[in-house]
Amino acid sequence: MLDSSTNAAAGTLVSASRRRRRARDRALHGVVPFLLILPVVAVIGVILGYPLYWLVKLSTERYGLFELIQHKGVWVGLDNYRSVLGDAVFWRTLLRTVVFTIANVALTMVLGTLIALLLVRVSSWVRLVLSSGLVLVWAMPVVVAVQVWYWMTNFQNGVVNYVLTELHIGDFFQHDWYATTFSQLSLTTMLIVWGALPFVVITLYAGLAQVPGDLIEAAEVDGARSWRIFFDITLPILKPILLILTSLSIIWDFGVFTQPYLLIGQSKITTGNYLMSIYLFEEGYFKSDFGRGAAISILMLLIVAALSVVYVRKMVRMGEASA
Amino acid sequence: MSAPRRARRARQAGWDAVGLLVFAVMVFPVFWMISTALKPDDQIISETPTWLPLQPTLKHFRDAIERPFFWEDVKNSLIVVLATVAISIVLAFLAAIALARYGFSGRKLFIVLVIGIQMLPQAGLIIPLYVVLGRYHQVNALSGLIITYLTFVLPFCVWTLRGFLLGIPKELEEAAMVDGSTRLGVFVKILLPLMGPGLVATSVFAFITTWNEYIFARVLLNDQSKQTVTVWLSYFLGTSKHTDWGALMAASTLTAVPVIIFFLLVQRRVVFGLTAGAVRG
């Protein structure tokens with residue numbers, strides 16, 4: 001090998017050229033990661049950065065259909081923000097969305113944890129059946145799930161009314177599930193929780209594998225009750241995963257659009273059952289009031305950004321650690 | 001059989017029964033969709049439901065396919081999905097290598113960007129995207145939808161591929177470098193084959209996300225012949241009073257089938273691998 005040459009003259013020559021190459025390598029090494037991320041940064045910068053700049057600009061302008069065609073808005077300062085923040089519908093929608101989000105997230109996390117614990121208890125063939133079923137549900141496109149929900153809860157031939165009546169839970173003959181706001185939003189919650197459970201259950205089940213079995217056995221031998229074992233051993237180990245899943249669910253459910261928009265149906269959407277995304281869609285896009293819509297968007301983005309801080313910080317720390 | 005053992009057996013059977021009950025409740029909507037799609041009309045609208053389609057018919061599937069714009073919109077979906085996935089995977093793989101293998105200044109900022117974008121509520125961006133894309137004649141054009149999807153699929157792919165890359169020991173590449181391989185050689189001969197499953201898994205997930213997307217497609221594509229299949233399905237009911245439930249469920253099944261097949265194909269490795277990777281602390 002040339003490297004181990006003992007010839008003094010050749011040695012100095014080799015080491016000089018090697019030094020140069022190493023220096024070049026180091027310089028290259030410094031540039032390589034930037035070259036690697038350049039395409040992604042460029043794409044995101046252009047396709048997201050530019051519209052975000054426009055979002056801020058639009059929110060200070062009167063920008064309707066006329067201005068859209070003219071390609072030019074009229075500067076109005078903070079009027080759009082004043083109009084939104086002075087709108088009782090905005091505050092009612094915000095409150096409704098917060099309550100809706102809390103209900104969705106609480107149901108998702110509690111049911112998700114229970115099913116994940118169940119997955120540990122059942123025989124292996126039941127585990128295979130149940131987890132395959134969960135994956136099947138996970139794979140269902142949201143728009144498809146909405147149609148199926150709509151059909152199952154149809155007042156005339158919906159299977160839900162039939163089953164509830166047969167089970168003697170009450171008389172649901174031709175019961176209209178879309179009659180009240182509460183009922184509409186409850187159906188939406190069920191749809192969202194149903195769709196979110198597979199991801200939550202399977203992630204938590206993976207997390208439960210980290211719970212040391214001998215620790216639980218030892219606790220059982222010592223006569224600890226199962227709820228004690230859950231709260232003292234299982235829960236602390238699951239805590240980081242639960243935290244991530246909860247913050248993700250909060251962010252997703254706060255901004256949810258497709259399920260409520262399509263399930264409640266455009267004809268039945270009123271200011272009385274708005275959620276934040278729908279408020280934004282109807283007031284900004286549907287009414288072609290893009291300036292005001294932009295102001296609503298910014299307020300919504302700020303709220304979600306505040307909600308995301310915990311999650312993003314945790315994930316960034318993870319990403320940093322694994323360098 | 002001793003008494004405690006019998007008690008344990010009974011308890012196990014109890015848990016199994018609960019497990020199967022949960023399975024039945026969760027899967028029922030999927031079952032009901034397929035069952036309705038296959039049943040003749042009189043069974044669909046009878047007072048007492050028919051659970052199993054014992055006289056299956058393909059009539060509803062024919063009706064669904066013959067609806068206007070079905071094939072156009074399937075084609076649109078495929079174009080948008082394939083273009084988005086292909087571009088995303090290539091660009092994201094490069095960025096993922098940078099994240100998983102290099103330390104560089106601005107790395108943290110880049111991670112914040114990648115994670116943060118995935119948290120943006122999509123509804124919050126429809127207004128500026130609609131206005132900006134309109135200025136460049138990208139509204140009602142598939143290309144406009146593709147570049148919109150890129151911004152959301154790219155960060156997801158970067159983060160997921162980074163997770164898969166971290167699972168491949170650095171030492172393999174270092175050993176090859178010592179043996180005189182070039183950077184490109186290491187990439188082609190070692191990283192690419194080992195990343196095969198990760199690339200497939202990430203592509204499938206990107207495929208599914210893009211295929212299922214609704215709000216951007218709804219806002220950015222107005223022409224019925226230009227829409228994607230999820231928007232087509234959302235308009236299926238229309239305004240008619242007598243809903244053709246059979247055709248609607250057949251159309252729903254057709255929309256879901258590509259996704260379900262892909263998902264089930266890769267589920268074992270991917271689903272559990274992805275979630276494990278996503279929360280690995």
# chains A, B, ... in the order shown; residues from 1 in each chain; ligands from 1
>>> interface_residues(of="chain A", to="chain B", cutoff="7 Å", atoms="only C-alpha atoms", output="JSON list (two decimals) with C-alpha atoms, in the first residue's frame")
[["chain", "number", "residue", "atom", "x", "y", "z"],
["A", 33, "PRO", "CA", -25.25, 18.82, 2.67],
["A", 36, "LEU", "CA", -28.44, 17.96, -0.98],
["A", 37, "ILE", "CA", -31.10, 20.09, 0.70],
["A", 39, "PRO", "CA", -33.81, 21.38, -4.21],
["A", 40, "VAL", "CA", -36.22, 20.84, -1.31],
["A", 44, "ILE", "CA", -40.67, 24.92, -0.53],
["A", 47, "ILE", "CA", -44.27, 27.35, -3.56],
["A", 48, "LEU", "CA", -44.89, 28.08, 0.09],
["A", 51, "PRO", "CA", -47.96, 32.48, -1.16],
["A", 52, "LEU", "CA", -47.26, 33.18, 2.52],
["A", 54, "TRP", "CA", -49.13, 37.06, -0.48],
["A", 55, "LEU", "CA", -51.24, 35.92, 2.43],
["A", 118, "LEU", "CA", -56.68, -4.78, 24.65],
["A", 121, "ARG", "CA", -54.28, -9.00, 26.21],
["A", 122, "VAL", "CA", -55.92, -10.93, 23.35],
["A", 123, "SER", "CA", -54.67, -14.21, 21.84],
["A", 126, "VAL", "CA", -57.29, -12.18, 17.56],
["A", 130, "LEU", "CA", -57.88, -6.85, 14.95],
["A", 133, "GLY", "CA", -58.94, -4.59, 10.57],
["A", 136, "LEU", "CA", -58.03, -1.61, 6.65],
["A", 137, "VAL", "CA", -59.79, 1.31, 8.36],
["A", 139, "ALA", "CA", -56.49, 2.85, 4.47],
["A", 140, "MET", "CA", -59.98, 4.24, 3.88],
["A", 141, "PRO", "CA", -59.84, 7.60, 2.06],
["A", 142, "VAL", "CA", -61.61, 10.32, 4.06],
["A", 143, "VAL", "CA", -63.98, 11.27, 1.24],
["A", 144, "VAL", "CA", -65.02, 7.62, 0.90],
["A", 148, "VAL", "CA", -70.29, 5.51, 3.80],
["A", 157, "ASN", "CA", -82.74, 3.15, 5.03],
["A", 159, "VAL", "CA", -78.45, 0.73, 8.96],
["A", 203, "THR", "CA", -48.46, 3.58, 17.55],
["A", 206, "ALA", "CA", -45.65, -0.31, 19.43],
["A", 241, "ILE", "CA", -45.77, 8.80, 22.91],
["A", 251, "ILE", "CA", -53.47, 20.20, 15.60],
["A", 255, "GLY", "CA", -57.97, 22.39, 11.40],
["A", 258, "THR", "CA", -63.14, 17.51, 4.78],
["A", 277, "SER", "CA", -61.72, 25.72, 8.48],
["A", 285, "TYR", "CA", -63.16, 31.44, -0.79],
["A", 290, "PHE", "CA", -60.05, 36.97, -0.33],
["A", 293, "GLY", "CA", -60.31, 35.29, 4.12],
["A", 294, "ALA", "CA", -56.59, 35.99, 4.33],
["A", 297, "SER", "CA", -56.24, 32.38, 7.61],
["A", 300, "MET", "CA", -55.97, 30.47, 12.27],
["A", 301, "LEU", "CA", -52.33, 29.83, 11.37],
["A", 312, "VAL", "CA", -42.37, 20.77, 17.01],
["A", 316, "VAL", "CA", -36.72, 18.92, 16.60],
["A", 318, "MET", "CA", -35.30, 14.18, 18.47],
["A", 320, "GLU", "CA", -31.01, 16.96, 16.59],
["A", 323, "ALA", "CA", -27.47, 13.45, 13.87]]
>>> atom_distance(atom1="CA of Leu38 (chain B)", atom2="CA of Phe61 (chain B)")
8.2 Å
>>> atom_distance(atom1="CA of Leu302 (chain A)", atom2="CA of Leu263 (chain A)")
27.0 Å
>>> select_by_dssp(residues="region 92-243 of chain A", states="alpha helix (DSSP H)", output="PyMOL selection string")
chain A and resi 92-121+124-139+142-152+159-166+181-208+213-221+226-229+235-243
>>> write_last_selection(atoms="C-alpha atoms", output="mmCIF file, in the first residue's frame")
data_model
loop_
_atom_site.group_PDB
_atom_site.id
_atom_site.type_symbol
_atom_site.label_atom_id
_atom_site.label_comp_id
_atom_site.auth_asym_id
_atom_site.auth_seq_id
_atom_site.Cartn_x
_atom_site.Cartn_y
_atom_site.Cartn_z
ATOM 1 C CA ARG A 92 -68.624 31.567 18.403
ATOM 2 C CA THR A 93 -66.873 29.488 15.723
ATOM 3 C CA LEU A 94 -63.614 29.572 17.666
ATOM 4 C CA LEU A 95 -65.319 28.420 20.848
ATOM 5 C CA ARG A 96 -67.242 25.685 18.999
ATOM 6 C CA THR A 97 -64.027 24.481 17.345
ATOM 7 C CA VAL A 98 -62.191 24.361 20.683
ATOM 8 C CA VAL A 99 -64.945 22.289 22.314
ATOM 9 C CA PHE A 100 -65.160 20.077 19.230
ATOM 10 C CA THR A 101 -61.384 19.539 19.264
ATOM 11 C CA ILE A 102 -61.313 18.674 22.960
ATOM 12 C CA ALA A 103 -64.104 16.116 22.506
ATOM 13 C CA ASN A 104 -62.406 14.531 19.502
ATOM 14 C CA VAL A 105 -58.965 14.349 21.051
ATOM 15 C CA ALA A 106 -60.206 13.043 24.399
ATOM 16 C CA LEU A 107 -62.260 10.299 22.751
ATOM 17 C CA THR A 108 -59.435 9.374 20.378
ATOM 18 C CA MET A 109 -56.812 9.126 23.103
ATOM 19 C CA VAL A 110 -58.943 7.257 25.672
ATOM 20 C CA LEU A 111 -60.367 4.747 23.199
ATOM 21 C CA GLY A 112 -56.983 4.435 21.492
ATOM 22 C CA THR A 113 -55.237 3.601 24.754
ATOM 23 C CA LEU A 114 -57.940 1.100 25.740
ATOM 24 C CA ILE A 115 -57.789 -0.709 22.394
ATOM 25 C CA ALA A 116 -53.970 -0.744 22.471
ATOM 26 C CA LEU A 117 -54.076 -2.348 25.938
ATOM 27 C CA LEU A 118 -56.680 -4.784 24.648
ATOM 28 C CA LEU A 119 -54.358 -5.674 21.764
ATOM 29 C CA VAL A 120 -51.776 -6.838 24.319
ATOM 30 C CA ARG A 121 -54.276 -9.003 26.210
ATOM 31 C CA SER A 124 -52.276 -13.870 18.940
ATOM 32 C CA TRP A 125 -54.845 -14.799 16.265
ATOM 33 C CA VAL A 126 -57.291 -12.181 17.563
ATOM 34 C CA ARG A 127 -54.419 -9.675 17.587
ATOM 35 C CA LEU A 128 -53.731 -10.435 13.921
ATOM 36 C CA VAL A 129 -57.415 -10.081 13.004
ATOM 37 C CA LEU A 130 -57.879 -6.853 14.949
ATOM 38 C CA SER A 131 -54.701 -5.179 13.732
ATOM 39 C CA SER A 132 -55.484 -6.116 10.117
ATOM 40 C CA GLY A 133 -58.938 -4.594 10.566
ATOM 41 C CA LEU A 134 -57.383 -1.425 11.946
ATOM 42 C CA VAL A 135 -55.055 -1.176 8.960
ATOM 43 C CA LEU A 136 -58.033 -1.606 6.645
ATOM 44 C CA VAL A 137 -59.786 1.312 8.360
ATOM 45 C CA TRP A 138 -56.589 3.353 8.227
ATOM 46 C CA ALA A 139 -56.490 2.853 4.466
ATOM 47 C CA VAL A 142 -61.610 10.320 4.056
ATOM 48 C CA VAL A 143 -63.977 11.271 1.237
ATOM 49 C CA VAL A 144 -65.020 7.621 0.897
ATOM 50 C CA ALA A 145 -65.540 7.276 4.650
ATOM 51 C CA VAL A 146 -67.805 10.331 4.574
ATOM 52 C CA GLN A 147 -70.018 8.782 1.884
ATOM 53 C CA VAL A 148 -70.286 5.510 3.802
ATOM 54 C CA TRP A 149 -71.144 7.389 7.005
ATOM 55 C CA TYR A 150 -73.735 9.387 5.161
ATOM 56 C CA TRP A 151 -75.343 6.218 3.853
ATOM 57 C CA MET A 152 -75.265 4.406 7.205
ATOM 58 C CA VAL A 159 -78.447 0.734 8.962
ATOM 59 C CA VAL A 160 -77.663 2.715 12.118
ATOM 60 C CA ASN A 161 -81.313 3.523 12.779
ATOM 61 C CA TYR A 162 -82.264 -0.117 12.213
ATOM 62 C CA VAL A 163 -79.592 -1.520 14.546
ATOM 63 C CA LEU A 164 -80.273 0.998 17.324
ATOM 64 C CA THR A 165 -83.995 0.234 17.171
ATOM 65 C CA GLU A 166 -83.410 -3.539 17.128
ATOM 66 C CA THR A 181 -76.102 21.108 15.174
ATOM 67 C CA PHE A 182 -75.187 18.914 18.134
ATOM 68 C CA SER A 183 -76.178 15.776 16.265
ATOM 69 C CA GLN A 184 -74.340 16.884 13.102
ATOM 70 C CA LEU A 185 -71.132 17.585 14.980
ATOM 71 C CA SER A 186 -71.432 14.395 17.044
ATOM 72 C CA LEU A 187 -71.617 12.339 13.852
ATOM 73 C CA THR A 188 -68.572 14.190 12.558
ATOM 74 C CA THR A 189 -66.743 13.438 15.795
ATOM 75 C CA MET A 190 -67.537 9.751 15.482
ATOM 76 C CA LEU A 191 -66.275 9.750 11.899
ATOM 77 C CA ILE A 192 -63.052 11.526 12.854
ATOM 78 C CA VAL A 193 -62.378 9.337 15.896
ATOM 79 C CA TRP A 194 -63.068 6.190 13.901
ATOM 80 C CA GLY A 195 -60.597 7.303 11.245
ATOM 81 C CA ALA A 196 -57.947 8.391 13.750
ATOM 82 C CA LEU A 197 -58.026 5.308 15.991
ATOM 83 C CA PRO A 198 -55.909 2.953 13.826
ATOM 84 C CA PHE A 199 -52.899 5.263 13.794
ATOM 85 C CA VAL A 200 -53.173 5.954 17.514
ATOM 86 C CA VAL A 201 -53.733 2.313 18.507
ATOM 87 C CA ILE A 202 -50.915 0.911 16.403
ATOM 88 C CA THR A 203 -48.464 3.585 17.548
ATOM 89 C CA LEU A 204 -49.377 3.030 21.206
ATOM 90 C CA TYR A 205 -49.184 -0.739 20.769
ATOM 91 C CA ALA A 206 -45.646 -0.312 19.430
ATOM 92 C CA GLY A 207 -44.917 1.807 22.504
ATOM 93 C CA LEU A 208 -46.344 -0.818 24.856
ATOM 94 C CA GLY A 213 -42.864 -7.656 31.127
ATOM 95 C CA ASP A 214 -40.956 -8.818 34.199
ATOM 96 C CA LEU A 215 -41.644 -5.528 35.926
ATOM 97 C CA ILE A 216 -45.384 -6.069 35.505
ATOM 98 C CA GLU A 217 -45.090 -9.705 36.583
ATOM 99 C CA ALA A 218 -43.213 -8.651 39.687
ATOM 100 C CA ALA A 219 -45.900 -6.103 40.465
ATOM 101 C CA GLU A 220 -48.590 -8.747 39.971
ATOM 102 C CA VAL A 221 -46.778 -11.146 42.281
ATOM 103 C CA SER A 226 -54.167 -3.825 37.381
ATOM 104 C CA TRP A 227 -55.168 -0.153 37.489
ATOM 105 C CA ARG A 228 -52.235 0.501 39.838
ATOM 106 C CA ILE A 229 -49.935 -1.256 37.371
ATOM 107 C CA LEU A 235 -48.533 5.164 31.763
ATOM 108 C CA PRO A 236 -45.153 6.743 32.629
ATOM 109 C CA ILE A 237 -43.479 4.677 29.902
ATOM 110 C CA LEU A 238 -46.144 5.611 27.355
ATOM 111 C CA LYS A 239 -46.096 9.283 28.348
ATOM 112 C CA PRO A 240 -43.801 10.613 25.613
ATOM 113 C CA ILE A 241 -45.770 8.798 22.908
ATOM 114 C CA LEU A 242 -49.086 9.926 24.367
ATOM 115 C CA LEU A 243 -47.811 13.491 24.414
#
>>> atom_distance(atom1="CA of Leu307 (chain A)", atom2="CA of Phe254 (chain A)")
9.5 Å
>>> residues_around(residues="region 191-199 of chain B", least_positions_apart="2", cutoff="8 Å", atoms="only C-alpha atoms", output="ChimeraX atom specification")
/B:89,161,164-165,168,173,186-189,201-203
>>> decode(residues="region 191-273 of chain B", atoms="C-alpha atoms", output="mmCIF file, in the first residue's frame")
data_model
loop_
_atom_site.group_PDB
_atom_site.id
_atom_site.type_symbol
_atom_site.label_atom_id
_atom_site.label_comp_id
_atom_site.auth_asym_id
_atom_site.auth_seq_id
_atom_site.Cartn_x
_atom_site.Cartn_y
_atom_site.Cartn_z
ATOM 1 C CA LEU B 191 -27.352 3.029 0.263
ATOM 2 C CA LEU B 192 -29.773 2.562 -2.625
ATOM 3 C CA PRO B 193 -30.263 -1.218 -2.282
ATOM 4 C CA LEU B 194 -30.556 -1.032 1.492
ATOM 5 C CA MET B 195 -33.033 1.816 1.240
ATOM 6 C CA GLY B 196 -35.235 -0.100 -1.211
ATOM 7 C CA PRO B 197 -37.937 -0.980 1.323
ATOM 8 C CA GLY B 198 -37.853 2.497 2.843
ATOM 9 C CA LEU B 199 -38.226 4.134 -0.550
ATOM 10 C CA VAL B 200 -41.116 1.857 -1.483
ATOM 11 C CA ALA B 201 -42.828 2.440 1.855
ATOM 12 C CA THR B 202 -42.455 6.206 1.688
ATOM 13 C CA SER B 203 -43.652 6.281 -1.923
ATOM 14 C CA VAL B 204 -46.733 4.275 -1.026
ATOM 15 C CA PHE B 205 -47.589 6.619 1.817
ATOM 16 C CA ALA B 206 -47.040 9.641 -0.395
ATOM 17 C CA PHE B 207 -49.230 7.976 -3.024
ATOM 18 C CA ILE B 208 -52.019 7.428 -0.507
ATOM 19 C CA THR B 209 -51.874 10.964 0.914
ATOM 20 C CA THR B 210 -51.998 12.503 -2.536
ATOM 21 C CA TRP B 211 -54.718 10.194 -3.861
ATOM 22 C CA ASN B 212 -56.917 10.961 -0.844
ATOM 23 C CA GLU B 213 -56.403 14.744 -0.797
ATOM 24 C CA TYR B 214 -59.579 16.759 -1.112
ATOM 25 C CA ILE B 215 -59.502 20.446 -0.175
ATOM 26 C CA PHE B 216 -56.793 21.698 -2.544
ATOM 27 C CA ALA B 217 -58.220 19.695 -5.431
ATOM 28 C CA ARG B 218 -61.681 21.094 -4.638
ATOM 29 C CA VAL B 219 -60.442 24.694 -4.597
ATOM 30 C CA LEU B 220 -57.868 24.629 -7.387
ATOM 31 C CA LEU B 221 -59.699 22.558 -10.027
ATOM 32 C CA ASN B 222 -63.096 23.827 -11.133
ATOM 33 C CA ASP B 223 -63.634 22.116 -14.439
ATOM 34 C CA GLN B 224 -65.384 18.742 -14.038
ATOM 35 C CA SER B 225 -63.118 17.105 -16.610
ATOM 36 C CA LYS B 226 -60.075 18.391 -14.745
ATOM 37 C CA GLN B 227 -60.981 17.166 -11.255
ATOM 38 C CA THR B 228 -59.465 14.337 -9.258
ATOM 39 C CA VAL B 229 -61.375 11.254 -8.254
ATOM 40 C CA THR B 230 -62.014 12.320 -4.635
ATOM 41 C CA VAL B 231 -63.694 15.516 -5.828
ATOM 42 C CA TRP B 232 -65.635 13.480 -8.393
ATOM 43 C CA LEU B 233 -66.863 11.236 -5.572
ATOM 44 C CA SER B 234 -67.799 14.181 -3.372
ATOM 45 C CA TYR B 235 -70.086 15.494 -6.113
ATOM 46 C CA PHE B 236 -71.608 12.069 -6.749
ATOM 47 C CA LEU B 237 -74.800 12.664 -4.782
ATOM 48 C CA GLY B 238 -75.474 15.920 -6.550
ATOM 49 C CA THR B 239 -78.857 17.430 -5.878
ATOM 50 C CA SER B 240 -81.138 14.573 -6.927
ATOM 51 C CA LYS B 241 -83.767 13.592 -4.401
ATOM 52 C CA HIS B 242 -83.600 9.844 -4.937
ATOM 53 C CA THR B 243 -80.133 8.815 -4.028
ATOM 54 C CA ASP B 244 -78.650 5.886 -5.875
ATOM 55 C CA TRP B 245 -76.996 4.379 -2.796
ATOM 56 C CA GLY B 246 -75.782 1.291 -4.651
ATOM 57 C CA ALA B 247 -73.918 3.341 -7.242
ATOM 58 C CA LEU B 248 -72.564 5.689 -4.574
ATOM 59 C CA MET B 249 -71.138 2.758 -2.596
ATOM 60 C CA ALA B 250 -69.755 1.176 -5.772
ATOM 61 C CA ALA B 251 -68.064 4.479 -6.632
ATOM 62 C CA SER B 252 -66.733 4.705 -3.071
ATOM 63 C CA THR B 253 -65.365 1.170 -3.295
ATOM 64 C CA LEU B 254 -63.654 1.963 -6.592
ATOM 65 C CA THR B 255 -62.043 5.080 -5.086
ATOM 66 C CA ALA B 256 -60.848 3.192 -2.025
ATOM 67 C CA VAL B 257 -59.585 0.058 -3.764
ATOM 68 C CA PRO B 258 -56.200 1.328 -5.034
ATOM 69 C CA VAL B 259 -55.404 2.744 -1.610
ATOM 70 C CA ILE B 260 -56.489 -0.360 0.288
ATOM 71 C CA ILE B 261 -54.509 -2.665 -1.994
ATOM 72 C CA PHE B 262 -51.352 -0.571 -1.625
ATOM 73 C CA PHE B 263 -51.810 -0.303 2.098
ATOM 74 C CA LEU B 264 -52.328 -4.019 2.649
ATOM 75 C CA LEU B 265 -49.382 -4.884 0.378
ATOM 76 C CA VAL B 266 -46.882 -3.041 2.511
ATOM 77 C CA GLN B 267 -48.677 -2.944 5.841
ATOM 78 C CA ARG B 268 -46.557 -5.338 7.922
ATOM 79 C CA ARG B 269 -43.203 -3.731 7.469
ATOM 80 C CA VAL B 270 -44.390 -0.248 6.730
ATOM 81 C CA VAL B 271 -47.103 0.468 9.225
ATOM 82 C CA PHE B 272 -45.239 -0.867 12.186
ATOM 83 C CA GLY B 273 -41.892 0.358 10.876
#
